[in-house]
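The file entry_37.cif comes next; it holds mmCIF, C-alpha atoms; chains and numbers go by the auth columns.
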```cif
data_entry
loop_
_atom_site.group_PDB
_atom_site.id
_atom_site.type_symbol
_atom_site.label_atom_id
_atom_site.label_comp_id
_atom_site.label_asym_id
_atom_site.label_seq_id
_atom_site.Cartn_x
_atom_site.Cartn_y
_atom_site.Cartn_z
_atom_site.B_iso_or_equiv
_atom_site.auth_seq_id
_atom_site.auth_asym_id
ATOM 1 C CA MET A 1 -2.080 6.798 267.158 0.00 1 B
ATOM 2 C CA SER A 2 0.133 8.194 264.427 0.00 2 B
ATOM 3 C CA ASP A 3 3.790 7.453 263.826 0.00 3 B
ATOM 4 C CA PHE A 4 4.660 10.859 265.267 0.00 4 B
ATOM 5 C CA ASP A 5 6.258 10.089 268.646 0.00 5 B
ATOM 6 C CA PRO A 6 7.998 13.250 269.840 0.00 6 B
ATOM 7 C CA HIS A 7 10.349 13.497 272.757 0.00 7 B
ATOM 8 C CA LEU A 8 8.408 15.549 275.306 0.00 8 B
ATOM 9 C CA THR A 9 9.930 17.662 278.045 0.00 9 B
ATOM 10 C CA ILE A 10 8.424 19.502 280.967 0.00 10 B
ATOM 11 C CA ALA A 11 8.612 22.635 278.801 0.00 11 B
ATOM 12 C CA ASP A 12 6.195 21.000 276.334 0.00 12 B
ATOM 13 C CA LEU A 13 3.753 20.017 279.068 0.00 13 B
ATOM 14 C CA ARG A 14 3.915 23.179 281.147 0.00 14 B
ATOM 15 C CA VAL A 15 2.516 25.230 278.285 0.00 15 B
ATOM 16 C CA LEU A 16 -0.706 23.271 278.736 0.00 16 B
ATOM 17 C CA PHE A 17 -0.607 22.046 282.355 0.00 17 B
ATOM 18 C CA CYS A 18 0.825 23.218 285.663 0.00 18 B
ATOM 19 C CA VAL A 19 3.999 21.446 286.777 0.00 19 B
ATOM 20 C CA LYS A 20 2.382 20.479 290.074 0.00 20 B
ATOM 21 C CA GLY A 21 -0.422 18.726 288.189 0.00 21 B
ATOM 22 C CA VAL A 22 2.003 16.906 285.900 0.00 22 B
ATOM 23 C CA LYS A 23 3.984 15.738 288.932 0.00 23 B
ATOM 24 C CA LYS A 24 0.832 14.537 290.677 0.00 24 B
ATOM 25 C CA GLN A 25 -0.258 12.546 287.608 0.00 25 B
ATOM 26 C CA MET A 26 3.198 11.043 287.095 0.00 26 B
ATOM 27 C CA ASP A 27 3.506 10.097 290.762 0.00 27 B
ATOM 28 C CA ALA A 28 0.076 8.438 290.622 0.00 28 B
ATOM 29 C CA ALA A 29 1.153 6.532 287.504 0.00 29 B
ATOM 30 C CA GLY A 30 4.390 5.371 289.143 0.00 30 B
ATOM 31 C CA LEU A 31 6.604 7.333 286.745 0.00 31 B
ATOM 32 C CA ASP A 32 9.863 8.965 287.808 0.00 32 B
ATOM 33 C CA PHE A 33 9.072 12.682 287.705 0.00 33 B
ATOM 34 C CA ALA A 34 12.653 13.719 288.555 0.00 34 B
ATOM 35 C CA SER A 35 13.957 11.710 285.607 0.00 35 B
ATOM 36 C CA PHE A 36 11.322 13.248 283.339 0.00 36 B
ATOM 37 C CA ILE A 37 12.397 16.737 284.431 0.00 37 B
ATOM 38 C CA LYS A 38 16.028 15.928 283.583 0.00 38 B
ATOM 39 C CA LYS A 39 15.612 13.850 280.416 0.00 39 B
ATOM 40 C CA GLY A 40 12.049 14.096 279.157 0.00 40 B
ATOM 41 C CA ALA A 41 10.433 11.049 277.553 0.00 41 B
ATOM 42 C CA LYS A 42 8.978 9.837 274.286 0.00 42 B
ATOM 43 C CA ALA A 43 5.234 10.392 274.070 0.00 43 B
ATOM 44 C CA SER A 44 4.745 6.629 273.690 0.00 44 B
ATOM 45 C CA GLU A 45 6.464 6.054 277.047 0.00 45 B
ATOM 46 C CA LEU A 46 3.918 8.289 278.782 0.00 46 B
ATOM 47 C CA ARG A 47 0.847 6.680 277.219 0.00 47 B
ATOM 48 C CA GLY A 48 -1.099 3.852 278.797 0.00 48 B
ATOM 49 C CA VAL A 49 -0.610 4.935 282.411 0.00 49 B
ATOM 50 C CA GLY A 50 -3.408 7.455 282.782 0.00 50 B
ATOM 51 C CA LEU A 51 -1.711 10.346 280.997 0.00 51 B
ATOM 52 C CA ASP A 52 -3.080 9.736 277.493 0.00 52 B
ATOM 53 C CA ALA A 53 -5.266 12.851 277.322 0.00 53 B
ATOM 54 C CA GLN A 54 -2.428 15.094 278.492 0.00 54 B
ATOM 55 C CA VAL A 55 0.073 13.442 276.166 0.00 55 B
ATOM 56 C CA ASP A 56 -2.295 13.685 273.191 0.00 56 B
ATOM 57 C CA ARG A 57 -2.764 17.400 273.839 0.00 57 B
ATOM 58 C CA ALA A 58 0.989 17.939 274.177 0.00 58 B
ATOM 59 C CA VAL A 59 1.682 16.009 270.958 0.00 59 B
ATOM 60 C CA GLU A 60 -0.847 18.141 269.062 0.00 60 B
ATOM 61 C CA PHE A 61 0.801 21.261 270.519 0.00 61 B
ATOM 62 C CA VAL A 62 4.263 20.069 269.424 0.00 62 B
ATOM 63 C CA LYS A 63 2.964 19.241 265.927 0.00 63 B
ATOM 64 C CA ALA A 64 1.447 22.710 265.575 0.00 64 B
ATOM 65 C CA ARG A 65 4.553 24.398 266.958 0.00 65 B
ATOM 66 C CA ASP A 66 6.844 22.453 264.621 0.00 66 B
ATOM 67 C CA ALA A 67 4.624 23.225 261.615 0.00 67 B
ATOM 68 C CA ALA A 68 4.640 26.929 262.478 0.00 68 B
ATOM 69 C CA ASN A 69 8.421 26.923 262.843 0.00 69 B
ATOM 70 C CA GLY A 70 8.945 25.128 259.542 0.00 70 B
#
```

Output the file's structure as structure tokens, nothing else.
Amino acid sequence: MSDFDPHLTIADLRVLFCVKGVKKQMDAAGLDFASFIKKGAKASELRGVGLDAQVDRAVEFVKARDAANG
């Protein structure tokens, strides 16, 4: 894992995944979906609970978006 640890929001994840699916995965992992909707979370906080593939994809998306936006 790189040092890049962005703060992810539902807006970052919903570009790649449906909100219902994100909620289902977070509920299964025991994460507070309502809190995530309000505050988001660091990518590192979402790893290690069964969301790694989704988080990795979202991080790559954020990297690409940030690079495109300068």

message: Can you spell out as a ChimeraX atom specification the set of residues that the PyMOL selection byres ((chain B and resi 10-18) around 9) selects in the structure I just provided?
response: /B:8-9,19-23,36-38,40,54-55,57-59,61-62

Hey, what's within 8 Å of B:His7 if we count all atoms listed in the file and toss same-chain stuff fewer than 6 positions away? As a compact mmCIF listing (two decimals) with C-alpha atoms, in the frame of the given file, please?
```
# COMPACT_ATOMS: atom_id res chain seq x y z
CA GLY B 40 12.05 14.10 279.16
CA ALA B 41 10.43 11.05 277.55
CA LYS B 42 8.98 9.84 274.29
CA ALA B 43 5.23 10.39 274.07
```

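Take atom CA of B:Ala53 and atom CA of B:Gln25: the distance between them is 11.4 Å.
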
Using 4 Å of padding on each side, determine the axis-aligned box around all atoms of stretch 50-60 of chain B present in the file and give its centre and edge lengths in Å to one decimal, as lines of an AutoDock Vina configuration file.
```
center_x = -1.8
center_y = 12.8
center_z = 275.9
size_x = 14.9
size_y = 18.7
size_z = 21.7
```

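As for atom CA of B:Gly48 and atom CA of B:Ala68, they are spaced 28.8 Å apart.
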
task: Work out how far apart atom CA of B:Arg65 and atom CA of B:Pro6 are and give it in Å to one decimal.
output: 12.0 Å
